[in-house]
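J.: I'm passing along entry.pdb; it holds PDB, C-alpha atoms.
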```pdb
ATOM      1  CA  MET A   1      20.901   4.607   7.302
ATOM      2  CA  GLN A   2      20.168   7.293   9.898
ATOM      3  CA  PRO A   3      16.773   6.593  11.535
ATOM      4  CA  SER A   4      14.362   9.525  11.642
ATOM      5  CA  GLY A   5      12.310   8.241  14.589
ATOM      6  CA  VAL A   6       9.183   8.236  12.393
ATOM      7  CA  ILE A   7       7.026   5.097  12.197
ATOM      8  CA  THR A   8       3.997   4.841   9.912
ATOM      9  CA  ILE A   9       1.353   2.179  10.477
ATOM     10  CA  THR A  10      -1.004   0.773   7.836
ATOM     11  CA  THR A  11      -3.539  -1.897   8.817
ATOM     12  CA  ASP A  12      -6.987  -3.325   8.209
ATOM     13  CA  PHE A  13      -7.784  -3.031  11.931
ATOM     14  CA  GLY A  14     -10.160  -0.079  11.693
ATOM     15  CA  HIS A  15     -10.704   1.974  14.833
ATOM     16  CA  LYS A  16     -13.123  -0.285  16.692
ATOM     17  CA  GLY A  17     -11.315  -1.722  19.662
ATOM     18  CA  PRO A  18      -7.885  -1.028  21.159
ATOM     19  CA  PHE A  19      -5.686  -2.751  18.575
ATOM     20  CA  VAL A  20      -4.091   0.295  16.942
ATOM     21  CA  GLY A  21      -3.692   2.061  20.274
ATOM     22  CA  VAL A  22      -2.022  -0.941  21.864
ATOM     23  CA  MET A  23       0.474  -1.154  18.998
ATOM     24  CA  LYS A  24       1.372   2.476  19.576
ATOM     25  CA  GLY A  25       1.722   1.819  23.287
ATOM     26  CA  VAL A  26       4.193  -1.003  22.671
ATOM     27  CA  ILE A  27       6.205   1.228  20.346
ATOM     28  CA  LEU A  28       6.343   4.028  22.905
ATOM     29  CA  GLN A  29       7.309   1.656  25.705
ATOM     30  CA  ARG A  30      10.462   0.835  23.788
ATOM     31  CA  PHE A  31      11.097   4.203  22.156
ATOM     32  CA  CYS A  32       9.217   7.021  23.838
ATOM     33  CA  GLN A  33      10.536   9.623  21.357
ATOM     34  CA  ALA A  34       8.996   7.814  18.398
ATOM     35  CA  LYS A  35       6.732   9.813  16.087
ATOM     36  CA  VAL A  36       3.978   7.395  15.149
ATOM     37  CA  ILE A  37       1.822   8.258  12.131
ATOM     38  CA  ASP A  38      -1.388   6.487  11.115
ATOM     39  CA  LEU A  39      -1.171   6.118   7.352
ATOM     40  CA  THR A  40      -4.512   4.316   7.253
ATOM     41  CA  HIS A  41      -6.350   1.663   9.222
ATOM     42  CA  GLU A  42      -9.214   1.437   6.742
ATOM     43  CA  ILE A  43      -7.731  -1.159   4.398
ATOM     44  CA  PRO A  44     -10.485  -3.674   3.554
ATOM     45  CA  ALA A  45     -10.142  -6.747   5.735
ATOM     46  CA  GLN A  46      -7.646  -9.261   4.378
ATOM     47  CA  TRP A  47      -6.887  -7.269   1.195
ATOM     48  CA  PRO A  48      -3.073  -6.820   1.054
ATOM     49  CA  PRO A  49      -3.018  -5.228  -2.445
ATOM     50  CA  GLU A  50      -4.518  -1.973  -1.184
ATOM     51  CA  ALA A  51      -2.112  -1.749   1.744
ATOM     52  CA  GLY A  52       0.850  -2.275  -0.563
ATOM     53  CA  PHE A  53      -0.527   0.257  -3.030
ATOM     54  CA  TRP A  54      -0.778   3.011  -0.419
ATOM     55  CA  VAL A  55       2.556   2.281   1.248
ATOM     56  CA  ARG A  56       4.342   2.270  -2.093
ATOM     57  CA  ARG A  57       2.798   5.585  -3.105
ATOM     58  CA  SER A  58       3.019   7.337   0.275
ATOM     59  CA  TYR A  59       6.386   6.534   1.840
ATOM     60  CA  ARG A  60       8.271   9.213  -0.111
ATOM     61  CA  TYR A  61       6.291  11.930   1.708
ATOM     62  CA  PHE A  62       8.012  10.962   4.970
ATOM     63  CA  PRO A  63      11.565  11.718   6.104
ATOM     64  CA  SER A  64      14.404   9.459   5.058
ATOM     65  CA  GLY A  65      15.037   6.889   7.761
ATOM     66  CA  SER A  66      11.325   6.311   8.457
ATOM     67  CA  VAL A  67       9.950   2.856   9.283
ATOM     68  CA  HIS A  68       6.784   1.798   7.454
ATOM     69  CA  VAL A  69       4.821  -1.014   9.087
ATOM     70  CA  ALA A  70       1.991  -2.570   7.056
ATOM     71  CA  ILE A  71      -0.178  -5.298   8.531
ATOM     72  CA  VAL A  72      -2.910  -6.971   6.518
ATOM     73  CA  ASP A  73      -2.243 -10.495   7.608
ATOM     74  CA  PRO A  74      -4.731 -13.302   6.906
ATOM     75  CA  GLY A  75      -1.937 -15.790   7.689
ATOM     76  CA  VAL A  76      -1.110 -14.468  11.161
ATOM     77  CA  GLY A  77       0.043 -17.294  13.413
ATOM     78  CA  THR A  78       1.011 -19.568  10.504
ATOM     79  CA  GLU A  79       4.475 -20.187   9.118
ATOM     80  CA  ARG A  80       4.290 -17.213   6.754
ATOM     81  CA  ASP A  81       7.396 -15.052   6.898
ATOM     82  CA  ILE A  82       7.772 -11.417   7.860
ATOM     83  CA  LEU A  83       9.771  -9.239   5.483
ATOM     84  CA  ILE A  84      12.001  -6.350   6.523
ATOM     85  CA  VAL A  85      13.213  -4.233   3.627
ATOM     86  CA  GLU A  86      15.685  -1.391   3.348
ATOM     87  CA  TYR A  87      14.970   0.622   0.207
ATOM     88  CA  ASP A  88      15.344   4.235  -0.912
ATOM     89  CA  HIS A  89      16.552   5.249   2.584
ATOM     90  CA  HIS A  90      13.421   3.833   4.272
ATOM     91  CA  TYR A  91      12.576   0.637   6.150
ATOM     92  CA  PHE A  92       9.487  -1.437   5.332
ATOM     93  CA  MET A  93       8.039  -4.269   7.405
ATOM     94  CA  ALA A  94       5.111  -6.479   6.383
ATOM     95  CA  PRO A  95       3.961 -10.094   6.230
ATOM     96  CA  ASP A  96       5.249 -11.914   3.159
ATOM     97  CA  ASN A  97       1.825 -12.377   1.588
ATOM     98  CA  GLY A  98       2.077 -10.227  -1.523
ATOM     99  CA  LEU A  99       1.610  -6.927   0.315
ATOM    100  CA  LEU A 100       5.061  -5.637  -0.665
ATOM    101  CA  GLY A 101       5.253  -7.703  -3.839
ATOM    102  CA  ARG A 102       4.591  -4.939  -6.351
ATOM    103  CA  MET A 103       6.977  -2.495  -4.683
ATOM    104  CA  LEU A 104       9.736  -5.097  -4.533
ATOM    105  CA  ASP A 105       9.285  -5.903  -8.224
ATOM    106  CA  HIS A 106      10.531  -2.376  -8.943
ATOM    107  CA  ALA A 107      12.825  -1.783  -5.961
ATOM    108  CA  ASP A 108      16.245  -1.918  -7.581
ATOM    109  CA  GLY A 109      18.934  -2.028  -4.928
ATOM    110  CA  ALA A 110      16.569  -3.025  -2.104
ATOM    111  CA  LEU A 111      18.000  -5.103   0.748
ATOM    112  CA  ILE A 112      15.385  -7.718   1.615
ATOM    113  CA  PHE A 113      15.363  -9.899   4.726
ATOM    114  CA  ARG A 114      13.124 -12.487   6.315
ATOM    115  CA  LEU A 115      12.786 -11.920  10.041
ATOM    116  CA  ASP A 116      14.750 -14.432  12.094
ATOM    117  CA  LEU A 117      12.347 -15.307  14.898
ATOM    118  CA  GLY A 118      15.356 -16.123  17.044
ATOM    119  CA  ALA A 119      16.013 -12.387  17.131
ATOM    120  CA  LEU A 120      12.918 -11.856  19.282
ATOM    121  CA  GLU A 121      14.592 -13.372  22.330
ATOM    122  CA  ARG A 122      17.781 -11.380  21.690
ATOM    123  CA  LEU A 123      15.697  -8.189  21.653
ATOM    124  CA  GLY A 124      13.845  -9.128  24.831
ATOM    125  CA  ILE A 125      10.550  -9.643  23.003
ATOM    126  CA  PRO A 126       8.304 -12.226  24.712
ATOM    127  CA  THR A 127       6.869 -15.226  22.863
ATOM    128  CA  PRO A 128       4.221 -13.775  20.526
ATOM    129  CA  SER A 129       0.570 -14.677  20.499
ATOM    130  CA  ASN A 130      -0.850 -16.470  17.470
ATOM    131  CA  THR A 131      -3.338 -13.725  16.628
ATOM    132  CA  PHE A 132      -1.796 -10.289  17.263
ATOM    133  CA  HIS A 133       1.638 -10.068  15.676
ATOM    134  CA  GLY A 134       1.060  -6.348  15.182
ATOM    135  CA  ARG A 135       1.437  -5.890  18.920
ATOM    136  CA  ASP A 136       3.856  -8.724  19.645
ATOM    137  CA  ILE A 137       6.316  -8.595  16.727
ATOM    138  CA  PHE A 138       5.795  -5.656  14.370
ATOM    139  CA  ALA A 139       5.457  -2.916  16.988
ATOM    140  CA  PRO A 140       8.525  -3.745  19.111
ATOM    141  CA  ILE A 141      10.757  -4.363  16.108
ATOM    142  CA  ALA A 142       9.593  -1.141  14.450
ATOM    143  CA  ALA A 143      10.535   0.685  17.657
ATOM    144  CA  GLU A 144      13.998  -0.900  17.676
ATOM    145  CA  LEU A 145      14.560   0.042  14.023
ATOM    146  CA  ALA A 146      13.290   3.590  14.505
ATOM    147  CA  ALA A 147      15.500   4.071  17.557
ATOM    148  CA  GLY A 148      18.550   2.812  15.696
ATOM    149  CA  LYS A 149      18.981  -0.058  18.159
ATOM    150  CA  THR A 150      18.913  -2.728  15.451
ATOM    151  CA  THR A 151      19.054  -3.092  11.676
ATOM    152  CA  PRO A 152      17.479  -5.529   9.213
ATOM    153  CA  VAL A 153      20.772  -7.339   8.674
ATOM    154  CA  SER A 154      21.044  -7.928  12.452
ATOM    155  CA  ILE A 155      17.630  -9.570  12.796
ATOM    156  CA  GLY A 156      16.976 -11.042   9.377
ATOM    157  CA  VAL A 157      18.125 -13.541   6.792
ATOM    158  CA  ALA A 158      18.799 -12.110   3.339
ATOM    159  CA  THR A 159      16.470 -13.250   0.554
ATOM    160  CA  ASP A 160      15.759 -12.495  -3.077
ATOM    161  CA  THR A 161      12.327 -14.110  -3.227
ATOM    162  CA  TRP A 162       8.922 -13.014  -1.970
ATOM    163  CA  VAL A 163       5.260 -13.814  -2.435
ATOM    164  CA  PRO A 164       4.093 -12.049  -5.605
ATOM    165  CA  ALA A 165       1.479  -9.317  -5.647
ATOM    166  CA  TRP A 166      -2.128 -10.468  -5.894
ATOM    167  CA  ILE A 167      -3.040  -8.063  -8.712
ATOM    168  CA  ASP A 168      -1.288  -8.194 -12.074
ATOM    169  CA  GLU A 169       0.527  -5.141 -13.374
ATOM    170  CA  PRO A 170      -1.220  -3.118 -16.086
ATOM    171  CA  VAL A 171      -0.861  -4.557 -19.575
ATOM    172  CA  THR A 172      -0.111  -2.251 -22.489
ATOM    173  CA  GLY A 173      -0.911  -2.955 -26.117
ATOM    174  CA  ALA A 174      -1.604  -1.151 -29.355
ATOM    175  CA  GLY A 175      -3.550   1.911 -28.306
ATOM    176  CA  ARG A 176      -4.787   0.477 -25.028
ATOM    177  CA  VAL A 177      -3.855  -0.121 -21.386
ATOM    178  CA  THR A 178      -5.637  -2.639 -19.164
ATOM    179  CA  GLY A 179      -5.437  -2.545 -15.376
ATOM    180  CA  SER A 180      -7.488  -3.035 -12.228
ATOM    181  CA  ILE A 181      -9.384  -1.003  -9.658
ATOM    182  CA  ILE A 182      -7.287  -1.246  -6.505
ATOM    183  CA  THR A 183      -9.406   0.708  -4.062
ATOM    184  CA  VAL A 184     -12.509   2.824  -3.522
ATOM    185  CA  ASP A 185     -11.940   5.993  -1.521
ATOM    186  CA  ALA A 186     -14.274   7.641   1.003
ATOM    187  CA  PHE A 187     -16.012   9.583  -1.779
ATOM    188  CA  GLY A 188     -16.685   6.462  -3.842
ATOM    189  CA  ASN A 189     -13.986   7.321  -6.383
ATOM    190  CA  LEU A 190     -12.499   4.278  -8.106
ATOM    191  CA  ILE A 191      -8.695   4.302  -7.957
ATOM    192  CA  SER A 192      -6.813   2.136 -10.438
ATOM    193  CA  ASN A 193      -3.262   0.830 -10.694
ATOM    194  CA  ILE A 194      -2.695   2.548 -14.057
ATOM    195  CA  ASP A 195       0.090   5.116 -13.766
ATOM    196  CA  ALA A 196      -0.087   8.412 -15.605
ATOM    197  CA  VAL A 197       3.084   7.583 -17.518
ATOM    198  CA  LEU A 198       1.198   4.815 -19.332
ATOM    199  CA  LEU A 199      -1.077   7.423 -20.915
ATOM    200  CA  GLU A 200       1.696   9.637 -22.295
ATOM    201  CA  THR A 201       1.347   8.239 -25.819
ATOM    202  CA  PHE A 202      -2.424   8.765 -25.942
ATOM    203  CA  SER A 203      -3.838  11.838 -27.626
ATOM    204  CA  ASP A 204      -7.476  11.455 -26.504
ATOM    205  CA  PRO A 205      -7.796   8.628 -23.959
ATOM    206  CA  VAL A 206     -11.151   7.213 -22.899
ATOM    207  CA  VAL A 207     -11.743   4.870 -19.961
ATOM    208  CA  HIS A 208     -13.851   1.758 -20.554
ATOM    209  CA  LEU A 209     -15.336   0.538 -17.279
ATOM    210  CA  ALA A 210     -18.523  -1.371 -16.468
ATOM    211  CA  GLY A 211     -19.760  -0.974 -20.026
ATOM    212  CA  GLN A 212     -19.299   2.809 -19.912
ATOM    213  CA  GLN A 213     -16.995   5.092 -21.892
ATOM    214  CA  ILE A 214     -15.656   7.832 -19.650
ATOM    215  CA  PRO A 215     -13.521  10.783 -20.809
ATOM    216  CA  VAL A 216     -10.162  11.504 -19.196
ATOM    217  CA  LEU A 217     -10.219  15.123 -18.011
ATOM    218  CA  THR A 218      -8.053  17.200 -15.703
ATOM    219  CA  THR A 219     -10.213  17.786 -12.613
ATOM    220  CA  TYR A 220     -13.621  17.173 -11.058
ATOM    221  CA  GLY A 221     -14.816  20.680 -11.911
ATOM    222  CA  ASN A 222     -14.627  19.971 -15.653
ATOM    223  CA  VAL A 223     -18.048  18.285 -15.563
ATOM    224  CA  GLN A 224     -21.471  18.998 -14.135
ATOM    225  CA  PRO A 225     -22.712  17.295 -10.933
ATOM    226  CA  GLY A 226     -23.652  13.697 -11.666
ATOM    227  CA  GLU A 227     -21.467  13.399 -14.769
ATOM    228  CA  ARG A 228     -18.732  10.778 -15.039
ATOM    229  CA  LEU A 229     -15.072  11.481 -15.608
ATOM    230  CA  ALA A 230     -11.636   9.985 -15.233
ATOM    231  CA  LEU A 231      -8.528  11.887 -14.225
ATOM    232  CA  ILE A 232      -4.965  11.526 -12.988
ATOM    233  CA  ASN A 233      -5.277  11.861  -9.226
ATOM    234  CA  SER A 234      -2.857  13.305  -6.691
ATOM    235  CA  PHE A 235      -1.007   9.971  -6.413
ATOM    236  CA  GLY A 236      -0.360   9.817 -10.145
ATOM    237  CA  VAL A 237      -2.809   7.091 -11.154
ATOM    238  CA  VAL A 238      -6.039   6.976 -13.139
ATOM    239  CA  GLU A 239      -9.150   7.505 -11.031
ATOM    240  CA  VAL A 240     -12.792   7.304 -12.102
ATOM    241  CA  ALA A 241     -15.280   9.626 -10.423
ATOM    242  CA  VAL A 242     -18.827  10.906 -10.634
ATOM    243  CA  ALA A 243     -18.904  14.616  -9.856
ATOM    244  CA  GLU A 244     -20.459  15.216  -6.428
ATOM    245  CA  ASN A 245     -21.589  11.589  -6.312
ATOM    246  CA  ASN A 246     -20.359   8.055  -5.631
ATOM    247  CA  ALA A 247     -18.775   6.369  -8.660
ATOM    248  CA  ALA A 248     -18.636   2.913  -7.056
ATOM    249  CA  GLU A 249     -22.369   2.946  -6.394
ATOM    250  CA  THR A 250     -23.322   4.657  -9.658
ATOM    251  CA  LEU A 251     -21.316   2.247 -11.817
ATOM    252  CA  GLY A 252     -21.747  -0.828  -9.624
ATOM    253  CA  VAL A 253     -17.978  -1.378  -9.532
ATOM    254  CA  GLU A 254     -15.849  -2.760  -6.693
ATOM    255  CA  ARG A 255     -12.129  -3.209  -6.084
ATOM    256  CA  GLY A 256     -10.559  -5.784  -8.358
ATOM    257  CA  ALA A 257     -12.692  -4.805 -11.361
ATOM    258  CA  PRO A 258     -10.921  -4.545 -14.737
ATOM    259  CA  ILE A 259     -10.452  -1.132 -16.311
ATOM    260  CA  GLU A 260      -9.231  -0.362 -19.819
ATOM    261  CA  ILE A 261      -8.089   2.852 -21.479
ATOM    262  CA  ARG A 262      -8.198   3.279 -25.244
ATOM    263  CA  GLU A 263      -7.897   6.050 -27.754
ATOM    264  CA  ARG A 264     -11.270   7.668 -28.460
ATOM    265  CA  ASP A 265     -12.858   6.157 -31.560
ATOM    266  CA  PRO A 266     -13.043   8.578 -34.484
ATOM    267  CA  ALA A 267     -16.472  10.154 -34.803
TER     268      ALA A 267
END
```
Would you encode the structure as structure tokens?
T.:
Amino acid sequence: MQPSGVITITTDFGHKGPFVGVMKGVILQRFCQAKVIDLTHEIPAQWPPEAGFWVRRSYRYFPSGSVHVAIVDPGVGTERDILIVEYDHHYFMAPDNGLLGRMLDHADGALIFRLDLGALERLGIPTPSNTFHGRDIFAPIAAELAAGKTTPVSIGVATDTWVPAWIDEPVTGAGRVTGSIITVDAFGNLISNIDAVLLETFSDPVVHLAGQQIPVLTTYGNVQPGERLALINSFGVVEVAVAENNAAETLGVERGAPIEIRERDPA
């Protein structure tokens, strides 16, 4: 695979403190031509499902040969593994804690490796700290991959197992689909893991959430301010919103909540 020099970073670090900046500094020390992109650093603390959700749905907007680093790592410093994956002409690197689990479930042809920690010395990477593997392991290895100076097969051990995703896949049945709210965006919109393709057989779908029945429409402007709606958002999944308001607060719903879609009951 021809590296593009692009590295995306997804974390739960936020922007308070130097952590993201220091990771970028380590990358640029090793590969000063790297193009480092912040995908998001606003993942809720210690919530890998959201990081995996966004990486899986965003990577295709970047050039082939990009390296996607995702760090939501409650087990940092323990014996948890680090995965390096080559899939669809991209590299992915994340702790093996379920973050990449859902993507790997559907990644036919992916080459999956567990990082061989012995490779750190071969790459001139000092002994890592127990609390900041983003700086000490992920950043330098991402730089080496992006620069074409190493490959997953050179620094990893092949595997066909990984920690499963924390959130179950949507379940389909007769006239219904059940899924989960994965994240709440900056506007308070509730974003689910239900893909648009799962609604193709519905003629008049209605979302059932928090005791409410919410129509599936095409865009926010189809309702008046304060009214509730669901729609297929720009990432191809069902989202619940309150026009010009905060759906999470209005409905009292948080990430992880169940959501169901059914055919509208006959009048």
J.: So what do you get for CA of Ile141 (chain A) versus CA of Arg80 (chain A), distance-wise?
T.: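 Those two atoms sit 17.2 Å apart.
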J.: For each of A:Ser154, A:Asn222, A:Ser180, A:Thr40, take the minimum atom-to-atom distance to Gly14 (chain A), counting all atoms listed in the file, then give the residue where this is smallest.
T.: A:Thr40
J.: Would you list the contacts of Val55 (chain A) as a PyMOL selection string, taking every protein, DNA or RNA residue within 9 Å and counting only C-alpha atoms, but skipping same-chain residues closer than 4 positions in sequence?
T.: chain A and resi 10+39+50-51+59+68-70+92+100+103
J.: What residues come out when you apply the PyMOL selection byres ((chain A and resi 229) around 9) to this file, written as a list of chain:residue names?
T.: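 On this input, the PyMOL selection byres ((chain A and resi 229) around 9) captures A:Val207, A:Ile214, A:Pro215, A:Val216, A:Leu217, A:Thr219, A:Tyr220, A:Asn222, A:Val223, A:Glu227, A:Arg228, A:Ala230, A:Leu231, A:Glu239, A:Val240, A:Ala241, A:Val242, A:Ala243.
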J.: Once 4 Å is added on each side, what are the centre and the three edge lengths, in Å to one decimal, of the axis-aligned box enclosing the listed atoms of region 124-135 of chain A? Present them as AutoDock Vina command-line options.
T.:
```
--center_x 5.3 --center_y -11.2 --center_z 20.0 --size_x 25.2 --size_y 18.6 --size_z 17.6
```
J.: Please expand the PyMOL selection byres ((chain A and resi 116-129) around 8) into the concrete residues it hits in this file, giving the result as a ChimeraX atom specification.
T.: /A:77,114-115,130-133,136-137,140,155-157
J.: Between A:Val171, A:Val206, A:Val6, A:Ala143, which is the closest to Asp265 (chain A) once you count all atoms listed in the file?
T.: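 Checking each of A:Val171, A:Val206, A:Val6, A:Ala143 against Asp265 (chain A), counting all atoms listed in the file, the winner is A:Val206.
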J.: Choose the residue, out of A:Ala146, A:Leu199, A:Val237, A:Val163, that has the smallest atom-to-atom separation from Cys32 (chain A); count only C-alpha atoms.
T.: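 Ranked by minimum distance to Cys32 (chain A), first place goes to A:Ala146.
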J.: Within 6 Å of (-6.7, 1.1, -27.2) (file coordinates; all atoms listed in the file), which protein or nucleic acid residues are there? I'd like them as a list in words.
T.: Ala174, Gly175, Arg176, Arg262 and Glu263 of chain A
J.: Near Trp162 (chain A), counting all atoms listed in the file, which residues have an atom at most 8 Å away, once you skip same-chain residues fewer than 6 positions from it, shown as an mmCIF file with C-alpha atoms, in the frame of the given file?
T.:
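Writing the result to selection09.cif gives the following:
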```cif
data_model
loop_
_atom_site.group_PDB
_atom_site.id
_atom_site.type_symbol
_atom_site.label_atom_id
_atom_site.label_comp_id
_atom_site.auth_asym_id
_atom_site.auth_seq_id
_atom_site.Cartn_x
_atom_site.Cartn_y
_atom_site.Cartn_z
ATOM 1 C CA ASP A 96 5.249 -11.914 3.159
ATOM 2 C CA ASN A 97 1.825 -12.377 1.588
ATOM 3 C CA GLY A 98 2.077 -10.227 -1.523
ATOM 4 C CA GLY A 101 5.253 -7.703 -3.839
#
```
J.: For the file shown, what are the residues hit by the PyMOL selection byres ((chain A and resi 2) around 6), laid out as a ChimeraX atom specification?
T.: /A:1,3,65
J.: Leaving out Val238 (chain A) and any residue of its chain fewer than 6 positions from it, which residues lie within 6 Å of it when counting all atoms listed in the file, given as a tab-separated table (two decimals) with C-alpha atoms, in the frame of the given file?
T.:
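Result went into around-v8.tsv, see below:
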```
chain	number	residue	atom	x	y	z
A	192	SER	CA	-6.81	2.14	-10.44
A	194	ILE	CA	-2.70	2.55	-14.06
A	231	LEU	CA	-8.53	11.89	-14.22
A	232	ILE	CA	-4.96	11.53	-12.99
```
J.: Quick one: distance from CA of Thr201 (chain A) to CA of Ser234 (chain A) in Å, one decimal?
T.: 20.2 Å
J.: Contacts of region 20-30 of chain A at 8 Å or less, counting all atoms listed in the file, minus same-chain residues fewer than 4 places along, as a ChimeraX atom specification?
T.: /A:13,15,34,36,134-135,139-140,142-144
J.: Go ahead and write the residues just picked, C-alpha atoms, as a CSV table (one decimal), in the coordinates of the input.
T.:
```csv
chain,number,residue,atom,x,y,z
A,13,PHE,CA,-7.8,-3.0,11.9
A,15,HIS,CA,-10.7,2.0,14.8
A,34,ALA,CA,9.0,7.8,18.4
A,36,VAL,CA,4.0,7.4,15.1
A,134,GLY,CA,1.1,-6.3,15.2
A,135,ARG,CA,1.4,-5.9,18.9
A,139,ALA,CA,5.5,-2.9,17.0
A,140,PRO,CA,8.5,-3.7,19.1
A,142,ALA,CA,9.6,-1.1,14.4
A,143,ALA,CA,10.5,0.7,17.7
A,144,GLU,CA,14.0,-0.9,17.7
```
J.: Using Å and a single decimal, report how far CA of Asp38 (chain A) sits from CA of Ala247 (chain A).
T.: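 So the two atoms, CA of Ala247 (chain A) and CA of Asp38 (chain A), lie 26.3 Å apart.
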J.: Could you tell me which of A:Ser203, A:Thr151, A:Asn189, A:Asn233 comes closest to Asn245 (chain A) if we count all atoms listed in the file?
T.: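 Checking each of A:Ser203, A:Thr151, A:Asn189, A:Asn233 against Asn245 (chain A), counting all atoms listed in the file, the winner is A:Asn189.
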J.: Let me make sure I understand: among A:Gly179, A:Gly75, A:Gly52, A:Pro95, which one has the smallest atom-to-atom distance to Ile259 (chain A) if we use all atoms listed in the file?
T.: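 Checking each of A:Gly179, A:Gly75, A:Gly52, A:Pro95 against Ile259 (chain A), counting all atoms listed in the file, the winner is A:Gly179.
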J.: Let me make sure I understand: among A:Ile71, A:Met93, A:Ile261, A:Val153, which one has the smallest atom-to-atom distance to Gly173 (chain A) if we use only C-alpha atoms?
T.: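 Comparing A:Ile71, A:Met93, A:Ile261, A:Val153 against Gly173 (chain A), the winner is A:Ile261.
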